[in-house]
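> My structure is stored as protein_14.pdb, with PDB, C-alpha atoms and all ligand atoms.
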ATOM      1  CA  MET A   1      14.229  17.882   1.704  1.00  0.00           C
ATOM      2  CA  SER A   2      11.822  15.148   2.727  1.00  0.00           C
ATOM      3  CA  VAL A   3      12.535  12.387   5.232  1.00  0.00           C
ATOM      4  CA  ILE A   4      14.063  10.268   2.456  1.00  0.00           C
ATOM      5  CA  HIS A   5      17.427  12.089   2.260  1.00  0.00           C
ATOM      6  CA  ASP A   6      18.290  10.547  -1.117  1.00  0.00           C
ATOM      7  CA  PRO A   7      18.297  13.189  -3.899  1.00  0.00           C
ATOM      8  CA  GLU A   8      18.110  10.721  -6.810  1.00  0.00           C
ATOM      9  CA  LEU A   9      15.243   8.802  -5.272  1.00  0.00           C
ATOM     10  CA  GLU A  10      13.535  12.125  -4.462  1.00  0.00           C
ATOM     11  CA  ARG A  11      13.718  13.118  -8.141  1.00  0.00           C
ATOM     12  CA  LEU A  12      12.144   9.844  -9.256  1.00  0.00           C
ATOM     13  CA  LEU A  13       9.434  10.104  -6.586  1.00  0.00           C
ATOM     14  CA  THR A  14       8.623  13.699  -7.542  1.00  0.00           C
ATOM     15  CA  ALA A  15       8.169  12.693 -11.190  1.00  0.00           C
ATOM     16  CA  LEU A  16       5.919   9.762 -10.225  1.00  0.00           C
ATOM     17  CA  HIS A  17       3.820  11.788  -7.760  1.00  0.00           C
ATOM     18  CA  THR A  18       3.362  14.496 -10.407  1.00  0.00           C
ATOM     19  CA  LYS A  19       2.137  11.957 -12.967  1.00  0.00           C
ATOM     20  CA  SER A  20      -0.185  10.351 -10.426  1.00  0.00           C
ATOM     21  CA  ASN A  21      -1.650  13.708  -9.352  1.00  0.00           C
ATOM     22  CA  GLU A  22      -2.329  14.616 -12.988  1.00  0.00           C
ATOM     23  CA  GLN A  23      -4.454  11.454 -13.331  1.00  0.00           C
ATOM     24  CA  VAL A  24      -6.498  12.098 -10.179  1.00  0.00           C
ATOM     25  CA  ALA A  25      -8.947  14.517 -11.807  1.00  0.00           C
ATOM     26  CA  ALA A  26      -9.801  11.983 -14.538  1.00  0.00           C
ATOM     27  CA  MET A  27     -10.318   9.260 -11.944  1.00  0.00           C
ATOM     28  CA  ARG A  28     -12.515  11.440  -9.705  1.00  0.00           C
ATOM     29  CA  SER A  29     -14.797  12.424 -12.580  1.00  0.00           C
ATOM     30  CA  TYR A  30     -15.028   8.790 -13.771  1.00  0.00           C
ATOM     31  CA  ASP A  31     -15.955   7.628 -10.248  1.00  0.00           C
ATOM     32  CA  ALA A  32     -18.464  10.501  -9.818  1.00  0.00           C
ATOM     33  CA  GLN A  33     -20.202   9.513 -13.071  1.00  0.00           C
ATOM     34  CA  ARG A  34     -20.389   5.905 -11.875  1.00  0.00           C
ATOM     35  CA  ALA A  35     -21.740   6.949  -8.467  1.00  0.00           C
ATOM     36  CA  LYS A  36     -24.486   9.024 -10.137  1.00  0.00           C
ATOM     37  CA  GLY A  37     -25.413   6.062 -12.282  1.00  0.00           C
ATOM     38  CA  ALA A  38     -24.827   8.232 -15.365  1.00  0.00           C
ATOM     39  CA  HIS A  39     -22.356   5.659 -16.638  1.00  0.00           C
ATOM     40  CA  SER A  40     -22.471   2.027 -15.554  1.00  0.00           C
ATOM     41  CA  PRO A  41     -19.358   0.321 -16.889  1.00  0.00           C
ATOM     42  CA  THR A  42     -18.836  -3.385 -16.406  1.00  0.00           C
ATOM     43  CA  GLU A  43     -16.192  -4.604 -13.963  1.00  0.00           C
ATOM     44  CA  ASP A  44     -13.881  -5.325 -16.905  1.00  0.00           C
ATOM     45  CA  GLU A  45     -14.327  -1.785 -18.273  1.00  0.00           C
ATOM     46  CA  VAL A  46     -13.465  -0.321 -14.861  1.00  0.00           C
ATOM     47  CA  LYS A  47     -10.365  -2.532 -14.737  1.00  0.00           C
ATOM     48  CA  VAL A  48      -9.272  -1.331 -18.193  1.00  0.00           C
ATOM     49  CA  PHE A  49      -9.819   2.325 -17.221  1.00  0.00           C
ATOM     50  CA  ARG A  50      -7.719   1.905 -14.076  1.00  0.00           C
ATOM     51  CA  SER A  51      -4.998  -0.200 -15.699  1.00  0.00           C
ATOM     52  CA  ASP A  52      -2.693   2.734 -16.575  1.00  0.00           C
ATOM     53  CA  LYS A  53      -3.420   4.827 -13.462  1.00  0.00           C
ATOM     54  CA  LEU A  54      -0.731   5.132 -10.806  1.00  0.00           C
ATOM     55  CA  VAL A  55      -3.135   5.955  -7.924  1.00  0.00           C
ATOM     56  CA  ALA A  56      -0.010   6.495  -5.838  1.00  0.00           C
ATOM     57  CA  LEU A  57      -0.188   6.941  -2.096  1.00  0.00           C
ATOM     58  CA  ASP A  58       0.000  10.672  -1.260  1.00  0.00           C
ATOM     59  CA  ARG A  59       3.504  11.878  -0.481  1.00  0.00           C
ATOM     60  CA  ASP A  60       2.776  12.854   3.148  1.00  0.00           C
ATOM     61  CA  LYS A  61       1.234   9.431   3.848  1.00  0.00           C
ATOM     62  CA  ALA A  62       4.143   7.640   2.169  1.00  0.00           C
ATOM     63  CA  GLU A  63       6.670   9.665   4.183  1.00  0.00           C
ATOM     64  CA  PHE A  64       4.711   8.816   7.331  1.00  0.00           C
ATOM     65  CA  CYS A  65       5.004   5.104   6.450  1.00  0.00           C
ATOM     66  CA  TYR A  66       8.761   5.574   5.937  1.00  0.00           C
ATOM     67  CA  GLN A  67       8.993   7.112   9.423  1.00  0.00           C
ATOM     68  CA  LEU A  68       6.967   4.315  11.047  1.00  0.00           C
ATOM     69  CA  CYS A  69       9.194   1.701   9.397  1.00  0.00           C
ATOM     70  CA  ARG A  70      12.338   3.483  10.576  1.00  0.00           C
ATOM     71  CA  ALA A  71      10.979   3.924  14.118  1.00  0.00           C
ATOM     72  CA  SER A  72      10.101   0.241  14.363  1.00  0.00           C
ATOM     73  CA  ASN A  73      13.241  -0.983  12.552  1.00  0.00           C
ATOM     74  CA  ALA A  74      10.940  -2.864  10.158  1.00  0.00           C
ATOM     75  CA  ARG A  75      12.614  -5.721   8.285  1.00  0.00           C
ATOM     76  CA  ARG A  76       9.696  -7.605   6.733  1.00  0.00           C
ATOM     77  CA  ILE A  77       7.031  -5.424   5.143  1.00  0.00           C
ATOM     78  CA  VAL A  78       4.007  -6.447   3.094  1.00  0.00           C
ATOM     79  CA  GLU A  79       2.372  -4.071   0.668  1.00  0.00           C
ATOM     80  CA  ALA A  80      -1.034  -4.918  -0.790  1.00  0.00           C
ATOM     81  CA  GLY A  81      -1.261  -2.861  -3.989  1.00  0.00           C
ATOM     82  CA  THR A  82       2.020  -1.914  -5.679  1.00  0.00           C
ATOM     83  CA  SER A  83       0.895  -0.296  -8.941  1.00  0.00           C
ATOM     84  CA  TYR A  84       3.906   1.591 -10.402  1.00  0.00           C
ATOM     85  CA  GLY A  85       5.781   1.160  -7.144  1.00  0.00           C
ATOM     86  CA  VAL A  86       5.636   4.606  -5.530  1.00  0.00           C
ATOM     87  CA  SER A  87       4.823   3.545  -1.954  1.00  0.00           C
ATOM     88  CA  THR A  88       7.074   0.495  -2.427  1.00  0.00           C
ATOM     89  CA  LEU A  89      10.020   2.829  -3.037  1.00  0.00           C
ATOM     90  CA  TYR A  90       9.422   4.590   0.305  1.00  0.00           C
ATOM     91  CA  LEU A  91       9.089   1.269   2.133  1.00  0.00           C
ATOM     92  CA  ALA A  92      12.176  -0.203   0.478  1.00  0.00           C
ATOM     93  CA  ALA A  93      14.148   2.960   1.283  1.00  0.00           C
ATOM     94  CA  ALA A  94      13.184   2.461   4.943  1.00  0.00           C
ATOM     95  CA  VAL A  95      14.345  -1.173   4.862  1.00  0.00           C
ATOM     96  CA  ARG A  96      17.602  -0.179   3.129  1.00  0.00           C
ATOM     97  CA  ASP A  97      18.212   2.556   5.720  1.00  0.00           C
ATOM     98  CA  ASN A  98      17.394   0.205   8.622  1.00  0.00           C
ATOM     99  CA  VAL A  99      19.860  -2.346   7.226  1.00  0.00           C
ATOM    100  CA  HIS A 100      22.561   0.287   6.753  1.00  0.00           C
ATOM    101  CA  ALA A 101      22.008   1.575  10.291  1.00  0.00           C
ATOM    102  CA  ALA A 102      21.937  -1.719  12.149  1.00  0.00           C
ATOM    103  CA  GLY A 103      23.002  -4.525   9.801  1.00  0.00           C
ATOM    104  CA  GLY A 104      21.067  -7.647   8.897  1.00  0.00           C
ATOM    105  CA  ASN A 105      18.670  -7.717   6.016  1.00  0.00           C
ATOM    106  CA  GLY A 106      15.059  -7.047   5.089  1.00  0.00           C
ATOM    107  CA  VAL A 107      12.458  -7.148   2.359  1.00  0.00           C
ATOM    108  CA  VAL A 108       9.311  -5.495   1.078  1.00  0.00           C
ATOM    109  CA  ILE A 109       6.868  -8.027  -0.359  1.00  0.00           C
ATOM    110  CA  GLY A 110       4.748  -6.180  -2.915  1.00  0.00           C
ATOM    111  CA  THR A 111       1.940  -7.502  -5.064  1.00  0.00           C
ATOM    112  CA  GLU A 112       0.317  -6.328  -8.285  1.00  0.00           C
ATOM    113  CA  TYR A 113      -1.972  -8.096 -10.758  1.00  0.00           C
ATOM    114  CA  GLU A 114      -1.651  -5.717 -13.746  1.00  0.00           C
ATOM    115  CA  PRO A 115       1.377  -6.989 -15.736  1.00  0.00           C
ATOM    116  CA  LYS A 116       2.179  -3.578 -17.265  1.00  0.00           C
ATOM    117  CA  LYS A 117       2.168  -1.904 -13.869  1.00  0.00           C
ATOM    118  CA  ALA A 118       4.341  -4.640 -12.392  1.00  0.00           C
ATOM    119  CA  SER A 119       6.904  -4.282 -15.161  1.00  0.00           C
ATOM    120  CA  ALA A 120       6.951  -0.465 -14.823  1.00  0.00           C
ATOM    121  CA  ALA A 121       7.362  -0.887 -11.055  1.00  0.00           C
ATOM    122  CA  ARG A 122      10.344  -3.189 -11.570  1.00  0.00           C
ATOM    123  CA  ALA A 123      11.978  -0.574 -13.801  1.00  0.00           C
ATOM    124  CA  HIS A 124      11.488   2.050 -11.064  1.00  0.00           C
ATOM    125  CA  PHE A 125      12.993  -0.265  -8.441  1.00  0.00           C
ATOM    126  CA  GLU A 126      16.057  -0.780 -10.670  1.00  0.00           C
ATOM    127  CA  GLU A 127      16.386   2.953 -11.326  1.00  0.00           C
ATOM    128  CA  ALA A 128      16.310   3.633  -7.578  1.00  0.00           C
ATOM    129  CA  GLY A 129      18.814   0.857  -6.817  1.00  0.00           C
ATOM    130  CA  LEU A 130      16.282  -0.741  -4.471  1.00  0.00           C
ATOM    131  CA  SER A 131      15.437  -3.979  -6.317  1.00  0.00           C
ATOM    132  CA  CYS A 132      17.476  -6.041  -3.868  1.00  0.00           C
ATOM    133  CA  PHE A 133      15.070  -5.061  -1.069  1.00  0.00           C
ATOM    134  CA  ILE A 134      11.861  -5.854  -2.987  1.00  0.00           C
ATOM    135  CA  ASP A 135      10.092  -9.141  -3.697  1.00  0.00           C
ATOM    136  CA  LEU A 136       7.380  -8.144  -6.171  1.00  0.00           C
ATOM    137  CA  ARG A 137       4.834 -10.912  -6.590  1.00  0.00           C
ATOM    138  CA  GLU A 138       2.787 -10.663  -9.753  1.00  0.00           C
ATOM    139  CA  GLY A 139      -0.788 -11.898  -9.640  1.00  0.00           C
ATOM    140  CA  ASP A 140      -3.874 -11.771  -7.476  1.00  0.00           C
ATOM    141  CA  LEU A 141      -2.958 -11.115  -3.856  1.00  0.00           C
ATOM    142  CA  ARG A 142      -5.316 -13.872  -2.735  1.00  0.00           C
ATOM    143  CA  GLU A 143      -2.697 -16.211  -4.206  1.00  0.00           C
ATOM    144  CA  THR A 144       0.519 -14.205  -3.987  1.00  0.00           C
ATOM    145  CA  LEU A 145       0.238 -13.440  -0.257  1.00  0.00           C
ATOM    146  CA  ARG A 146      -0.499 -17.011   0.758  1.00  0.00           C
ATOM    147  CA  GLN A 147       3.173 -17.718   1.419  1.00  0.00           C
ATOM    148  CA  ILE A 148       4.874 -15.382   3.885  1.00  0.00           C
ATOM    149  CA  ASP A 149       7.932 -16.639   5.715  1.00  0.00           C
ATOM    150  CA  GLY A 150       8.670 -15.013   9.013  1.00  0.00           C
ATOM    151  CA  PRO A 151       7.117 -12.286  11.127  1.00  0.00           C
ATOM    152  CA  VAL A 152       5.772  -9.172   9.446  1.00  0.00           C
ATOM    153  CA  ASP A 153       6.632  -5.829  11.066  1.00  0.00           C
ATOM    154  CA  PHE A 154       4.598  -3.523   8.854  1.00  0.00           C
ATOM    155  CA  MET A 155       1.805  -3.817   6.313  1.00  0.00           C
ATOM    156  CA  LEU A 156       0.478  -1.194   3.899  1.00  0.00           C
ATOM    157  CA  VAL A 157      -3.025  -1.761   2.553  1.00  0.00           C
ATOM    158  CA  ASP A 158      -3.402   0.444  -0.532  1.00  0.00           C
ATOM    159  CA  ILE A 159      -5.603  -1.679  -2.728  1.00  0.00           C
ATOM    160  CA  TRP A 160      -9.055  -1.609  -4.299  1.00  0.00           C
ATOM    161  CA  ILE A 161     -11.311  -1.619  -1.234  1.00  0.00           C
ATOM    162  CA  ALA A 162     -12.897  -5.035  -1.812  1.00  0.00           C
ATOM    163  CA  MET A 163      -9.430  -6.588  -1.514  1.00  0.00           C
ATOM    164  CA  ALA A 164      -8.460  -4.856   1.755  1.00  0.00           C
ATOM    165  CA  ARG A 165      -9.974  -7.444   4.071  1.00  0.00           C
ATOM    166  CA  PRO A 166      -8.743 -10.511   2.137  1.00  0.00           C
ATOM    167  CA  ALA A 167      -5.231  -9.018   2.208  1.00  0.00           C
ATOM    168  CA  LEU A 168      -5.385  -8.291   5.931  1.00  0.00           C
ATOM    169  CA  GLU A 169      -6.781 -11.743   6.688  1.00  0.00           C
ATOM    170  CA  LEU A 170      -3.877 -13.401   4.891  1.00  0.00           C
ATOM    171  CA  VAL A 171      -1.204 -11.336   6.613  1.00  0.00           C
ATOM    172  CA  THR A 172      -2.611 -11.070  10.163  1.00  0.00           C
ATOM    173  CA  ALA A 173      -1.403 -14.530  11.167  1.00  0.00           C
ATOM    174  CA  HIS A 174       2.172 -13.414  10.337  1.00  0.00           C
ATOM    175  CA  LEU A 175       2.059  -9.975  11.984  1.00  0.00           C
ATOM    176  CA  ARG A 176       4.275  -9.805  15.034  1.00  0.00           C
ATOM    177  CA  LEU A 177       2.879  -8.383  18.267  1.00  0.00           C
ATOM    178  CA  GLY A 178       3.324  -4.636  17.916  1.00  0.00           C
ATOM    179  CA  GLY A 179       3.204  -4.983  14.126  1.00  0.00           C
ATOM    180  CA  ILE A 180       1.610  -2.042  12.319  1.00  0.00           C
ATOM    181  CA  VAL A 181      -1.000  -1.973   9.552  1.00  0.00           C
ATOM    182  CA  VAL A 182      -1.694   1.244   7.642  1.00  0.00           C
ATOM    183  CA  CYS A 183      -4.673   1.497   5.297  1.00  0.00           C
ATOM    184  CA  ASP A 184      -5.538   4.409   3.023  1.00  0.00           C
ATOM    185  CA  ASN A 185      -8.787   6.373   2.695  1.00  0.00           C
ATOM    186  CA  THR A 186     -10.700   4.701   5.508  1.00  0.00           C
ATOM    187  CA  GLU A 187     -12.601   7.880   6.410  1.00  0.00           C
ATOM    188  CA  ARG A 188     -13.564   8.851   2.848  1.00  0.00           C
ATOM    189  CA  HIS A 189     -14.847   5.320   2.121  1.00  0.00           C
ATOM    190  CA  ARG A 190     -15.864   4.302   5.663  1.00  0.00           C
ATOM    191  CA  SER A 191     -18.979   2.373   4.655  1.00  0.00           C
ATOM    192  CA  GLU A 192     -17.188   0.471   1.879  1.00  0.00           C
ATOM    193  CA  TYR A 193     -14.573  -0.591   4.431  1.00  0.00           C
ATOM    194  CA  ALA A 194     -17.250  -2.117   6.722  1.00  0.00           C
ATOM    195  CA  ASP A 195     -15.921  -5.672   6.369  1.00  0.00           C
ATOM    196  CA  TYR A 196     -12.327  -4.481   6.917  1.00  0.00           C
ATOM    197  CA  PHE A 197     -13.346  -2.746  10.164  1.00  0.00           C
ATOM    198  CA  ALA A 198     -15.345  -5.780  11.267  1.00  0.00           C
ATOM    199  CA  PHE A 199     -12.137  -7.826  11.022  1.00  0.00           C
ATOM    200  CA  LEU A 200     -10.038  -5.156  12.782  1.00  0.00           C
ATOM    201  CA  GLU A 201     -12.548  -4.813  15.586  1.00  0.00           C
ATOM    202  CA  HIS A 202     -13.103  -8.517  16.231  1.00  0.00           C
ATOM    203  CA  PRO A 203     -11.572  -9.117  19.692  1.00  0.00           C
ATOM    204  CA  ALA A 204      -9.943 -12.384  18.620  1.00  0.00           C
ATOM    205  CA  ASN A 205      -7.795 -10.545  16.054  1.00  0.00           C
ATOM    206  CA  GLY A 206      -6.161  -8.316  18.669  1.00  0.00           C
ATOM    207  CA  PHE A 207      -6.013  -5.011  16.775  1.00  0.00           C
ATOM    208  CA  ARG A 208      -6.203  -1.540  18.280  1.00  0.00           C
ATOM    209  CA  THR A 209      -7.026   0.985  15.609  1.00  0.00           C
ATOM    210  CA  MET A 210      -7.456   4.706  15.017  1.00  0.00           C
ATOM    211  CA  THR A 211      -8.113   6.878  11.988  1.00  0.00           C
ATOM    212  CA  LEU A 212      -5.471   9.562  11.498  1.00  0.00           C
ATOM    213  CA  PRO A 213      -6.473  12.923  10.002  1.00  0.00           C
ATOM    214  CA  PHE A 214      -4.663  12.659   6.690  1.00  0.00           C
ATOM    215  CA  ASP A 215      -6.699  13.498   3.573  1.00  0.00           C
ATOM    216  CA  GLY A 216      -9.431  10.851   3.317  1.00  0.00           C
ATOM    217  CA  GLY A 217      -8.314   9.273   6.611  1.00  0.00           C
ATOM    218  CA  LEU A 218      -5.391   6.923   7.165  1.00  0.00           C
ATOM    219  CA  GLU A 219      -6.033   3.924   9.398  1.00  0.00           C
ATOM    220  CA  LEU A 220      -3.272   3.041  11.846  1.00  0.00           C
ATOM    221  CA  SER A 221      -3.775  -0.354  13.457  1.00  0.00           C
ATOM    222  CA  VAL A 222      -1.469  -2.148  15.860  1.00  0.00           C
ATOM    223  CA  ARG A 223      -1.525  -5.888  16.492  1.00  0.00           C
ATOM    224  CA  CYS A 224      -1.789  -6.497  20.245  1.00  0.00           C
ATOM    225  CA  GLN A 225      -2.659  -9.493  22.391  1.00  0.00           C
ATOM    226  CA  PRO A 226      -6.173 -10.720  21.520  1.00  0.00           C
ATOM    227  CA  ARG A 227      -8.675  -9.898  24.274  1.00  0.00           C
TER     228      ARG A 227
HETATM  229  C1  LIG B   1      -4.126   2.262  -5.050  1.00  0.00           C
HETATM  230  S1  LIG B   1      -3.175   1.328  -6.163  1.00  0.00           S
HETATM  231  C2  LIG B   1      -1.639   1.085  -5.321  1.00  0.00           C
HETATM  232  C3  LIG B   1      -0.754   2.311  -5.336  1.00  0.00           C
HETATM  233  C4  LIG B   1       0.619   2.062  -4.749  1.00  0.00           C
HETATM  234  N1  LIG B   1       0.534   1.620  -3.371  1.00  0.00           N
HETATM  235  C5  LIG B   1       1.461   3.309  -4.832  1.00  0.00           C
HETATM  236  O1  LIG B   1       1.533   4.082  -3.872  1.00  0.00           O
HETATM  237  O2  LIG B   1       2.025   3.544  -5.910  1.00  0.00           O
HETATM  238  C6  LIG B   1      -3.887  -0.265  -5.998  1.00  0.00           C
HETATM  239  C7  LIG B   1      -3.265  -1.306  -6.910  1.00  0.00           C
HETATM  240  O3  LIG B   1      -3.712  -2.595  -6.515  1.00  0.00           O
HETATM  241  C8  LIG B   1      -3.823  -3.401  -7.667  1.00  0.00           C
HETATM  242  N2  LIG B   1      -4.755  -4.485  -7.358  1.00  0.00           N
HETATM  243  C9  LIG B   1      -6.104  -4.398  -7.204  1.00  0.00           C
HETATM  244  N3  LIG B   1      -6.629  -5.596  -6.888  1.00  0.00           N
HETATM  245  C10 LIG B   1      -5.593  -6.471  -6.798  1.00  0.00           C
HETATM  246  C11 LIG B   1      -5.496  -7.862  -6.486  1.00  0.00           C
HETATM  247  N4  LIG B   1      -6.584  -8.576  -6.227  1.00  0.00           N
HETATM  248  N5  LIG B   1      -4.271  -8.428  -6.479  1.00  0.00           N
HETATM  249  C12 LIG B   1      -3.160  -7.690  -6.762  1.00  0.00           C
HETATM  250  N6  LIG B   1      -3.191  -6.365  -7.074  1.00  0.00           N
HETATM  251  C13 LIG B   1      -4.392  -5.766  -7.096  1.00  0.00           C
HETATM  252  C14 LIG B   1      -4.321  -2.465  -8.740  1.00  0.00           C
HETATM  253  O4  LIG B   1      -4.011  -2.916 -10.034  1.00  0.00           O
HETATM  254  C15 LIG B   1      -3.634  -1.149  -8.374  1.00  0.00           C
HETATM  255  O5  LIG B   1      -2.476  -0.959  -9.152  1.00  0.00           O
END
Starting from the coordinates I provided, produce the structure as structure tokens.
Ligand SMILES: C[S@@+](CC[C@H](N)C(=O)[O-])C[C@H]1O[C@@H](n2cnc3c(N)ncnc32)[C@H](O)[C@@H]1O

Amino acid sequence: MSVIHDPELERLLTALHTKSNEQVAAMRSYDAQRAKGAHSPTEDEVKVFRSDKLVALDRDKAEFCYQLCRASNARRIVEAGTSYGVSTLYLAAAVRDNVHAAGGNGVVIGTEYEPKKASAARAHFEEAGLSCFIDLREGDLRETLRQIDGPVDFMLVDIWIAMARPALELVTAHLRLGGIVVCDNTERHRSEYADYFAFLEHPANGFRTMTLPFDGGLELSVRCQPR
């Protein structure tokens, strides 16, 4: 039993993680070929290749996010990068469980620009009975995350790396003091995240950050008073 304690949701998550893991080998070899320069696809070709890939957040990282959201009683969560909705399901389960435990309400704002992924994600949210806790915004996050009403307790950055900083920049102004930002793979792709770290480390933005030893590194940043 994982931290989720919801057998039907667990079954759906297991099926989605299995499918995602099966696609990882194909993605790694595609990326290795690109890195070697053996195959130089255009940006559009890369987008087409990735368009049916789940690229789901690893289960242990997603469970860790669930725990952080429960511990902080998170009610407004932003997720940059929804894909087929795997991490969204963990975050929405945390909001649902916070609401059941202490009343009130809450929402996960997700965003995804691939229409097929967004529609598959919606079907998964329905199947899990979690749609009422999710506001999935279809389109480019540089537009969809412009409007955020109210303080954000938790943000997950699980997006193509070039979009990590734009997403964080849009949400930072809404993050409450003590708000948490988690970002995937920051150790594996440290140099590609240079602009993201520059934003995190700028004293005016008030973040304190550390890289946790999950596979590839998981960045845990907390919004504090700016220095
Ligand atoms: C790593 S995947 C997200 C996986 C998801 N968090 C999960 O655990 O299932 C990143 C997703 O971000 C989407 N994406 C990339 N750039 C985007 C942008 N500018 N606006 C919205 N979505 C974007 C991609 O289509 C992809 O599905």
> Using only C-alpha atoms, which protein or nucleic acid residues come within 9 Å of Cys69 (chain A)? Drop anything in the same chain fewer than 5 positions from it, and give the result as a list in words.
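The residues satisfying every condition are Phe64, Ala74, Arg75, Ile77, Leu91, Ala94, Val95, Asn98, Asp153, Phe154 and Ile180 of chain A.
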> I'd like the residues picked by the PyMOL selection byres (((chain A and resi 21-23) around 10) and not hetatm) written out as a PyMOL selection string, using the chain letters and numbers from the file.
chain A and resi 16-20+24-28+52-56+58
> Rounded to one decimal place, report the CA of Thr111 (chain A)-atom C12 of ligand LIG 1 (chain B) distance in Å.
5.4 Å
> Determine the residue set returned by the PyMOL selection byres (((chain A and resi 79) around 7) and not hetatm) for the present structure, and present it as a ChimeraX atom specification.
/A:77-78,80-82,109-111,155-157
> I'd like the box whose edges run along x, y and z of the file and which contains every listed atom of ligand LIG 1 (chain B), padded by 4 Å per side; could you state its centre and edge lengths in Å, one decimal, as lines of an AutoDock Vina configuration file?

center_x = -2.3
center_y = -2.2
center_z = -6.7
size_x = 16.7
size_y = 20.7
size_z = 14.7
